[in-house]
$ cat query14.pdb   # PDB, C-alpha atoms, pLDDT in the B column
ATOM      1  CA  MET E   1       0.000   0.000   0.000  1.00 46.00           C
ATOM      2  CA  THR E   2       1.474   3.288  -1.114  1.00 46.00           C
ATOM      3  CA  THR E   3       0.355   6.709  -0.118  1.00 47.00           C
ATOM      4  CA  ASN E   4       0.680   9.766  -2.245  1.00 44.00           C
ATOM      5  CA  THR E   5       2.435  12.408  -0.238  1.00 44.00           C
ATOM      6  CA  PRO E   6       2.750  15.897  -1.649  1.00 51.00           C
ATOM      7  CA  LYS E   7       6.236  16.845  -2.771  1.00 64.00           C
ATOM      8  CA  GLU E   8       8.114  19.140  -0.469  1.00 75.00           C
ATOM      9  CA  GLN E   9       8.661  22.641  -1.742  1.00 82.00           C
ATOM     10  CA  PRO E  10      12.280  23.002  -2.858  1.00 88.00           C
ATOM     11  CA  SER E  11      14.360  25.650  -1.144  1.00 91.00           C
ATOM     12  CA  PHE E  12      14.954  28.945  -2.919  1.00 90.00           C
ATOM     13  CA  LEU E  13      18.450  27.850  -4.032  1.00 94.00           C
ATOM     14  CA  GLU E  14      17.218  24.404  -5.146  1.00 94.00           C
ATOM     15  CA  ALA E  15      14.417  26.048  -7.146  1.00 94.00           C
ATOM     16  CA  LYS E  16      16.920  28.479  -8.679  1.00 95.00           C
ATOM     17  CA  ALA E  17      19.202  25.628  -9.781  1.00 96.00           C
ATOM     18  CA  LYS E  18      16.298  23.575 -11.141  1.00 96.00           C
ATOM     19  CA  LEU E  19      14.941  26.552 -13.064  1.00 97.00           C
ATOM     20  CA  GLU E  20      18.347  27.366 -14.521  1.00 97.00           C
ATOM     21  CA  TRP E  21      18.583  23.798 -15.821  1.00 97.00           C
ATOM     22  CA  TYR E  22      14.949  23.936 -17.024  1.00 97.00           C
ATOM     23  CA  CYS E  23      15.617  27.123 -19.001  1.00 96.00           C
ATOM     24  CA  ALA E  24      19.044  26.035 -20.265  1.00 96.00           C
ATOM     25  CA  TYR E  25      17.632  22.754 -21.580  1.00 96.00           C
ATOM     26  CA  GLN E  26      15.096  24.504 -23.826  1.00 95.00           C
ATOM     27  CA  GLU E  27      13.946  28.080 -24.399  1.00 96.00           C
ATOM     28  CA  ARG E  28      11.089  28.910 -22.005  1.00 97.00           C
ATOM     29  CA  CYS E  29       8.690  31.783 -21.677  1.00 97.00           C
ATOM     30  CA  MET E  30       7.845  33.505 -18.417  1.00 96.00           C
ATOM     31  CA  GLN E  31       4.417  31.842 -18.317  1.00 96.00           C
ATOM     32  CA  GLU E  32       6.003  28.357 -18.337  1.00 96.00           C
ATOM     33  CA  VAL E  33       8.389  29.329 -15.539  1.00 97.00           C
ATOM     34  CA  GLU E  34       5.568  30.862 -13.476  1.00 96.00           C
ATOM     35  CA  LYS E  35       3.546  27.654 -13.862  1.00 96.00           C
ATOM     36  CA  LYS E  36       6.507  25.549 -12.770  1.00 95.00           C
ATOM     37  CA  LEU E  37       7.007  27.764  -9.716  1.00 95.00           C
ATOM     38  CA  ALA E  38       3.306  27.596  -8.831  1.00 95.00           C
ATOM     39  CA  ASP E  39       3.484  23.789  -9.085  1.00 94.00           C
ATOM     40  CA  TRP E  40       6.332  23.913  -6.565  1.00 94.00           C
ATOM     41  CA  GLY E  41       4.360  26.212  -4.261  1.00 92.00           C
ATOM     42  CA  PHE E  42       6.184  29.477  -4.954  1.00 92.00           C
ATOM     43  CA  TYR E  43       4.126  32.655  -5.182  1.00 90.00           C
ATOM     44  CA  GLY E  44       4.466  36.412  -4.970  1.00 93.00           C
ATOM     45  CA  GLU E  45       7.816  37.909  -4.114  1.00 95.00           C
ATOM     46  CA  GLN E  46       9.670  34.577  -4.241  1.00 93.00           C
ATOM     47  CA  THR E  47       8.448  34.012  -7.798  1.00 95.00           C
ATOM     48  CA  ASP E  48       9.352  37.563  -8.799  1.00 96.00           C
ATOM     49  CA  ASN E  49      12.861  37.189  -7.336  1.00 95.00           C
ATOM     50  CA  LEU E  50      13.492  33.862  -9.069  1.00 96.00           C
ATOM     51  CA  ILE E  51      12.252  35.151 -12.417  1.00 96.00           C
ATOM     52  CA  ALA E  52      14.286  38.366 -12.086  1.00 97.00           C
ATOM     53  CA  ASP E  53      17.384  36.249 -11.381  1.00 96.00           C
ATOM     54  CA  LEU E  54      16.727  34.121 -14.482  1.00 97.00           C
ATOM     55  CA  ILE E  55      16.358  37.251 -16.624  1.00 97.00           C
ATOM     56  CA  VAL E  56      19.482  38.944 -15.219  1.00 97.00           C
ATOM     57  CA  ASN E  57      21.541  35.797 -15.821  1.00 97.00           C
ATOM     58  CA  ASN E  58      20.062  35.421 -19.335  1.00 97.00           C
ATOM     59  CA  PHE E  59      18.365  32.075 -18.699  1.00 97.00           C
ATOM     60  CA  LEU E  60      15.038  33.664 -19.568  1.00 97.00           C
ATOM     61  CA  ASN E  61      14.788  35.936 -22.598  1.00 97.00           C
ATOM     62  CA  GLU E  62      11.454  36.720 -24.272  1.00 97.00           C
ATOM     63  CA  GLU E  63      12.926  37.767 -27.635  1.00 97.00           C
ATOM     64  CA  ARG E  64      15.079  34.642 -27.836  1.00 97.00           C
ATOM     65  CA  TYR E  65      12.073  32.493 -26.892  1.00 98.00           C
ATOM     66  CA  ALA E  66       9.865  34.124 -29.553  1.00 98.00           C
ATOM     67  CA  SER E  67      12.556  33.650 -32.180  1.00 98.00           C
ATOM     68  CA  ALA E  68      13.037  29.965 -31.341  1.00 97.00           C
ATOM     69  CA  TYR E  69       9.275  29.380 -31.169  1.00 98.00           C
ATOM     70  CA  VAL E  70       8.590  31.000 -34.541  1.00 98.00           C
ATOM     71  CA  SER E  71      11.501  29.230 -36.194  1.00 97.00           C
ATOM     72  CA  GLY E  72      10.413  25.832 -34.904  1.00 97.00           C
ATOM     73  CA  LYS E  73       6.762  26.263 -35.820  1.00 98.00           C
ATOM     74  CA  VAL E  74       7.588  27.411 -39.368  1.00 98.00           C
ATOM     75  CA  ARG E  75      10.300  24.830 -40.052  1.00 97.00           C
ATOM     76  CA  ILE E  76       8.961  21.782 -38.239  1.00 97.00           C
ATOM     77  CA  LYS E  77       5.196  22.190 -37.843  1.00 97.00           C
ATOM     78  CA  LYS E  78       4.810  24.298 -41.004  1.00 98.00           C
ATOM     79  CA  TRP E  79       2.424  26.676 -39.255  1.00 98.00           C
ATOM     80  CA  GLY E  80       1.342  29.998 -40.690  1.00 98.00           C
ATOM     81  CA  ARG E  81       1.812  33.416 -39.110  1.00 98.00           C
ATOM     82  CA  ILE E  82      -1.756  33.677 -37.805  1.00 98.00           C
ATOM     83  CA  LYS E  83      -1.578  30.484 -35.736  1.00 98.00           C
ATOM     84  CA  ILE E  84       1.903  31.308 -34.460  1.00 98.00           C
ATOM     85  CA  LYS E  85       0.853  34.833 -33.463  1.00 98.00           C
ATOM     86  CA  LEU E  86      -2.198  33.544 -31.576  1.00 98.00           C
ATOM     87  CA  ASN E  87      -0.105  30.989 -29.705  1.00 98.00           C
ATOM     88  CA  LEU E  88       2.494  33.584 -28.748  1.00 98.00           C
ATOM     89  CA  LYS E  89      -0.289  35.878 -27.547  1.00 97.00           C
ATOM     90  CA  GLN E  90      -1.627  33.051 -25.351  1.00 97.00           C
ATOM     91  CA  LYS E  91       1.857  32.714 -23.893  1.00 97.00           C
ATOM     92  CA  LYS E  92       1.825  36.468 -23.148  1.00 96.00           C
ATOM     93  CA  ILE E  93       4.731  37.247 -25.468  1.00 97.00           C
ATOM     94  CA  SER E  94       4.904  40.954 -26.320  1.00 97.00           C
ATOM     95  CA  GLU E  95       3.910  42.307 -29.711  1.00 97.00           C
ATOM     96  CA  TYR E  96       7.450  43.700 -30.043  1.00 98.00           C
ATOM     97  CA  SER E  97       9.096  40.277 -29.583  1.00 97.00           C
ATOM     98  CA  THR E  98       6.578  38.632 -31.908  1.00 98.00           C
ATOM     99  CA  LYS E  99       7.177  41.174 -34.693  1.00 98.00           C
ATOM    100  CA  LYS E 100      10.936  40.887 -34.279  1.00 98.00           C
ATOM    101  CA  ALA E 101      10.750  37.076 -34.527  1.00 98.00           C
ATOM    102  CA  PHE E 102       8.484  37.280 -37.599  1.00 98.00           C
ATOM    103  CA  LYS E 103      11.146  39.328 -39.404  1.00 97.00           C
ATOM    104  CA  GLU E 104      13.400  36.257 -39.212  1.00 97.00           C
ATOM    105  CA  ILE E 105      11.000  34.071 -41.225  1.00 97.00           C
ATOM    106  CA  ASP E 106      12.502  33.114 -44.578  1.00 97.00           C
ATOM    107  CA  GLU E 107       9.764  34.143 -47.025  1.00 97.00           C
ATOM    108  CA  ASP E 108      10.826  31.536 -49.619  1.00 97.00           C
ATOM    109  CA  GLU E 109      10.621  28.758 -47.039  1.00 97.00           C
ATOM    110  CA  TYR E 110       7.242  30.064 -45.838  1.00 98.00           C
ATOM    111  CA  LEU E 111       5.815  30.049 -49.382  1.00 97.00           C
ATOM    112  CA  GLU E 112       7.310  26.631 -50.047  1.00 97.00           C
ATOM    113  CA  ASN E 113       5.614  25.327 -46.876  1.00 98.00           C
ATOM    114  CA  ILE E 114       2.139  26.475 -47.892  1.00 98.00           C
ATOM    115  CA  ASN E 115       2.594  25.184 -51.450  1.00 97.00           C
ATOM    116  CA  THR E 116       3.804  21.799 -50.225  1.00 97.00           C
ATOM    117  CA  LEU E 117       0.976  21.499 -47.701  1.00 97.00           C
ATOM    118  CA  ALA E 118      -1.655  22.475 -50.290  1.00 97.00           C
ATOM    119  CA  THR E 119      -0.315  20.067 -52.910  1.00 95.00           C
ATOM    120  CA  LYS E 120      -0.079  17.109 -50.520  1.00 96.00           C
ATOM    121  CA  LYS E 121      -3.535  17.771 -49.074  1.00 96.00           C
ATOM    122  CA  PHE E 122      -5.021  18.144 -52.569  1.00 93.00           C
ATOM    123  CA  GLU E 123      -3.593  14.750 -53.573  1.00 92.00           C
ATOM    124  CA  ILE E 124      -5.051  12.874 -50.588  1.00 94.00           C
ATOM    125  CA  VAL E 125      -8.328  14.681 -49.949  1.00 93.00           C
ATOM    126  CA  LYS E 126     -11.499  13.165 -51.319  1.00 91.00           C
ATOM    127  CA  GLY E 127     -14.280  15.340 -52.630  1.00 83.00           C
ATOM    128  CA  LYS E 128     -17.438  15.118 -54.729  1.00 87.00           C
ATOM    129  CA  ASN E 129     -15.971  17.595 -57.200  1.00 89.00           C
ATOM    130  CA  LYS E 130     -13.155  20.092 -57.728  1.00 87.00           C
ATOM    131  CA  TRP E 131     -14.869  22.762 -55.584  1.00 90.00           C
ATOM    132  CA  ASP E 132     -15.430  20.373 -52.694  1.00 92.00           C
ATOM    133  CA  LYS E 133     -11.743  19.409 -52.734  1.00 92.00           C
ATOM    134  CA  LYS E 134     -10.750  23.068 -52.945  1.00 93.00           C
ATOM    135  CA  ALA E 135     -12.887  23.916 -49.888  1.00 95.00           C
ATOM    136  CA  LYS E 136     -11.323  21.070 -47.884  1.00 96.00           C
ATOM    137  CA  VAL E 137      -7.793  22.161 -48.781  1.00 96.00           C
ATOM    138  CA  GLN E 138      -8.711  25.753 -47.922  1.00 97.00           C
ATOM    139  CA  ARG E 139     -10.041  24.759 -44.468  1.00 97.00           C
ATOM    140  CA  PHE E 140      -6.871  22.751 -43.848  1.00 98.00           C
ATOM    141  CA  LEU E 141      -4.627  25.723 -44.706  1.00 98.00           C
ATOM    142  CA  ILE E 142      -6.725  28.033 -42.523  1.00 98.00           C
ATOM    143  CA  SER E 143      -6.317  25.561 -39.638  1.00 98.00           C
ATOM    144  CA  LYS E 144      -2.543  25.706 -40.153  1.00 98.00           C
ATOM    145  CA  GLY E 145      -2.715  29.483 -39.689  1.00 98.00           C
ATOM    146  CA  TYR E 146      -1.972  30.842 -43.141  1.00 98.00           C
ATOM    147  CA  GLU E 147      -3.220  34.204 -44.346  1.00 98.00           C
ATOM    148  CA  ASN E 148      -6.383  34.253 -46.498  1.00 97.00           C
ATOM    149  CA  GLU E 149      -4.782  36.170 -49.380  1.00 97.00           C
ATOM    150  CA  LEU E 150      -1.933  33.681 -49.549  1.00 97.00           C
ATOM    151  CA  ILE E 151      -4.325  30.718 -49.417  1.00 97.00           C
ATOM    152  CA  TYR E 152      -6.345  32.260 -52.239  1.00 96.00           C
ATOM    153  CA  GLU E 153      -3.234  32.654 -54.426  1.00 96.00           C
ATOM    154  CA  VAL E 154      -1.973  29.129 -53.745  1.00 96.00           C
ATOM    155  CA  LEU E 155      -5.357  27.511 -54.376  1.00 95.00           C
ATOM    156  CA  ASN E 156      -5.899  29.417 -57.617  1.00 93.00           C
ATOM    157  CA  GLU E 157      -2.502  28.309 -58.852  1.00 91.00           C
ATOM    158  CA  LEU E 158      -3.053  24.710 -57.704  1.00 88.00           C
ATOM    159  CA  PHE E 159      -6.515  24.412 -59.226  1.00 84.00           C
ATOM    160  CA  HIS E 160      -5.508  25.982 -62.557  1.00 81.00           C
ATOM    161  CA  GLU E 161      -2.862  23.265 -62.877  1.00 66.00           C
ATOM    162  CA  SER E 162      -5.241  20.396 -62.107  1.00 57.00           C
TER     163      SER E 162
END
$ encode --input "query14.pdb" --output "structure tokens"
Amino acid sequence: MTTNTPKEQPSFLEAKAKLEWYCAYQERCMQEVEKKLADWGFYGEQTDNLIADLIVNNFLNEERYASAYVSGKVRIKKWGRIKIKLNLKQKKISEYSTKKAFKEIDEDEYLENINTLATKKFEIVKGKNKWDKKAKVQRFLISKGYENELIYEVLNELFHES
């Protein structure tokens, strides 16, 4: 018979060391760090002091986080700007950091992503007719977070070829 005992709150120095490792392992945003601290039972001034220490020692950097997040979502997940922006907003990343990270997006890679996604989806999607398939591909690209004007251009090009 085992009992679930709550974990003891780490000391300030233990929490500091754990957070430094947590942030060094992967870029984190302040919201993720605050959640981790709340899980450990830290609130108020203790949380503020730990976060300030992480920022001063460059373990926590919003611009660097936004840049890494945008880069990963474009390159790996092939997300569009709209979805990325909404997710960064949910993570309470500033408009300034978001705009700065968006400037780093390679426009050729971005356009290649949407074209590749549209072509692959068009090949596998089933539809009653050409317009039904086009609507399904359009909904898919919207769900990936691409801009309407760009979707329109890509679909017109794709459906003129087919």
$ resolve_selection --input "query14.pdb" --expression "the PyMOL selection byres ((chain E and resi 47) around 12)" --output "list of chain:residue names"
E:Phe12, E:Ala15, E:Lys16, E:Leu19, E:Met30, E:Gln31, E:Val33, E:Glu34, E:Lys35, E:Lys36, E:Leu37, E:Ala38, E:Asp39, E:Trp40, E:Gly41, E:Phe42, E:Tyr43, E:Gly44, E:Glu45, E:Gln46, E:Asp48, E:Asn49, E:Leu50, E:Ile51, E:Ala52, E:Asp53, E:Leu54
$ resolve_selection --input "query14.pdb" --expression "the PyMOL selection byres ((chain E and resi 80) around 8)" --output "list of chain:residue names"
E:Val74, E:Lys78, E:Trp79, E:Arg81, E:Ile82, E:Lys83, E:Ile84, E:Tyr110, E:Lys144, E:Gly145, E:Tyr146, E:Glu147
$ axis_aligned_box --input "query14.pdb" --around "range 122-141 of chain E" --padding-each-side "5 Å" --output "JSON"
{"center_x": -10.5, "center_y": 19.3, "center_z": -50.8, "size_x": 23.8, "size_y": 22.9, "size_z": 23.9}
$ closest_residue --input "query14.pdb" --among "E:Cys29, E:Val154, E:Ile114, E:Ala68" --to "Lys89 in chain E" --atoms "all atoms listed in the file"
E:Cys29
$ residues_near_point --input "query14.pdb" --point "(-5.3, 14.4, -48.0)" --cutoff "12 Å" --atoms "only C-alpha atoms" --output "VMD selection string"
chain E and resid 116 to 127 133 to 134 136 to 141
$ write_last_selection --input "query14.pdb" --atoms "C-alpha atoms" --output "PDB file, in the frame of the given file"
ATOM      1  CA  THR E 116       3.804  21.799 -50.225  1.00 97.00           C
ATOM      2  CA  LEU E 117       0.976  21.499 -47.701  1.00 97.00           C
ATOM      3  CA  ALA E 118      -1.655  22.475 -50.290  1.00 97.00           C
ATOM      4  CA  THR E 119      -0.315  20.067 -52.910  1.00 95.00           C
ATOM      5  CA  LYS E 120      -0.079  17.109 -50.520  1.00 96.00           C
ATOM      6  CA  LYS E 121      -3.535  17.771 -49.074  1.00 96.00           C
ATOM      7  CA  PHE E 122      -5.021  18.144 -52.569  1.00 93.00           C
ATOM      8  CA  GLU E 123      -3.593  14.750 -53.573  1.00 92.00           C
ATOM      9  CA  ILE E 124      -5.051  12.874 -50.588  1.00 94.00           C
ATOM     10  CA  VAL E 125      -8.328  14.681 -49.949  1.00 93.00           C
ATOM     11  CA  LYS E 126     -11.499  13.165 -51.319  1.00 91.00           C
ATOM     12  CA  GLY E 127     -14.280  15.340 -52.630  1.00 83.00           C
ATOM     13  CA  LYS E 133     -11.743  19.409 -52.734  1.00 92.00           C
ATOM     14  CA  LYS E 134     -10.750  23.068 -52.945  1.00 93.00           C
ATOM     15  CA  LYS E 136     -11.323  21.070 -47.884  1.00 96.00           C
ATOM     16  CA  VAL E 137      -7.793  22.161 -48.781  1.00 96.00           C
ATOM     17  CA  GLN E 138      -8.711  25.753 -47.922  1.00 97.00           C
ATOM     18  CA  ARG E 139     -10.041  24.759 -44.468  1.00 97.00           C
ATOM     19  CA  PHE E 140      -6.871  22.751 -43.848  1.00 98.00           C
ATOM     20  CA  LEU E 141      -4.627  25.723 -44.706  1.00 98.00           C
TER      21      LEU E 141
END
$ atom_distance --input "query14.pdb" --atom1 "CA of Arg28 in chain E" --atom2 "CA of Lys85 in chain E"
16.5 Å
$ atom_distance --input "query14.pdb" --atom1 "CA of Leu155 in chain E" --atom2 "CA of Phe102 in chain E"
23.8 Å
$ resolve_selection --input "query14.pdb" --expression "the PyMOL selection byres ((chain E and resi 64) around 12)" --output "ChimeraX atom specification"
/E:23,26-30,55,58-63,65-71,93,97-98,100-101,104
$ atom_distance --input "query14.pdb" --atom1 "CA of Ile151 in chain E" --atom2 "CA of Asn115 in chain E"
9.1 Å
$ closest_residue --input "query14.pdb" --among "E:Ala24, E:Ala135, E:Ile142, E:Leu13" --to "Asn156 in chain E" --atoms "only C-alpha atoms"
E:Ala135
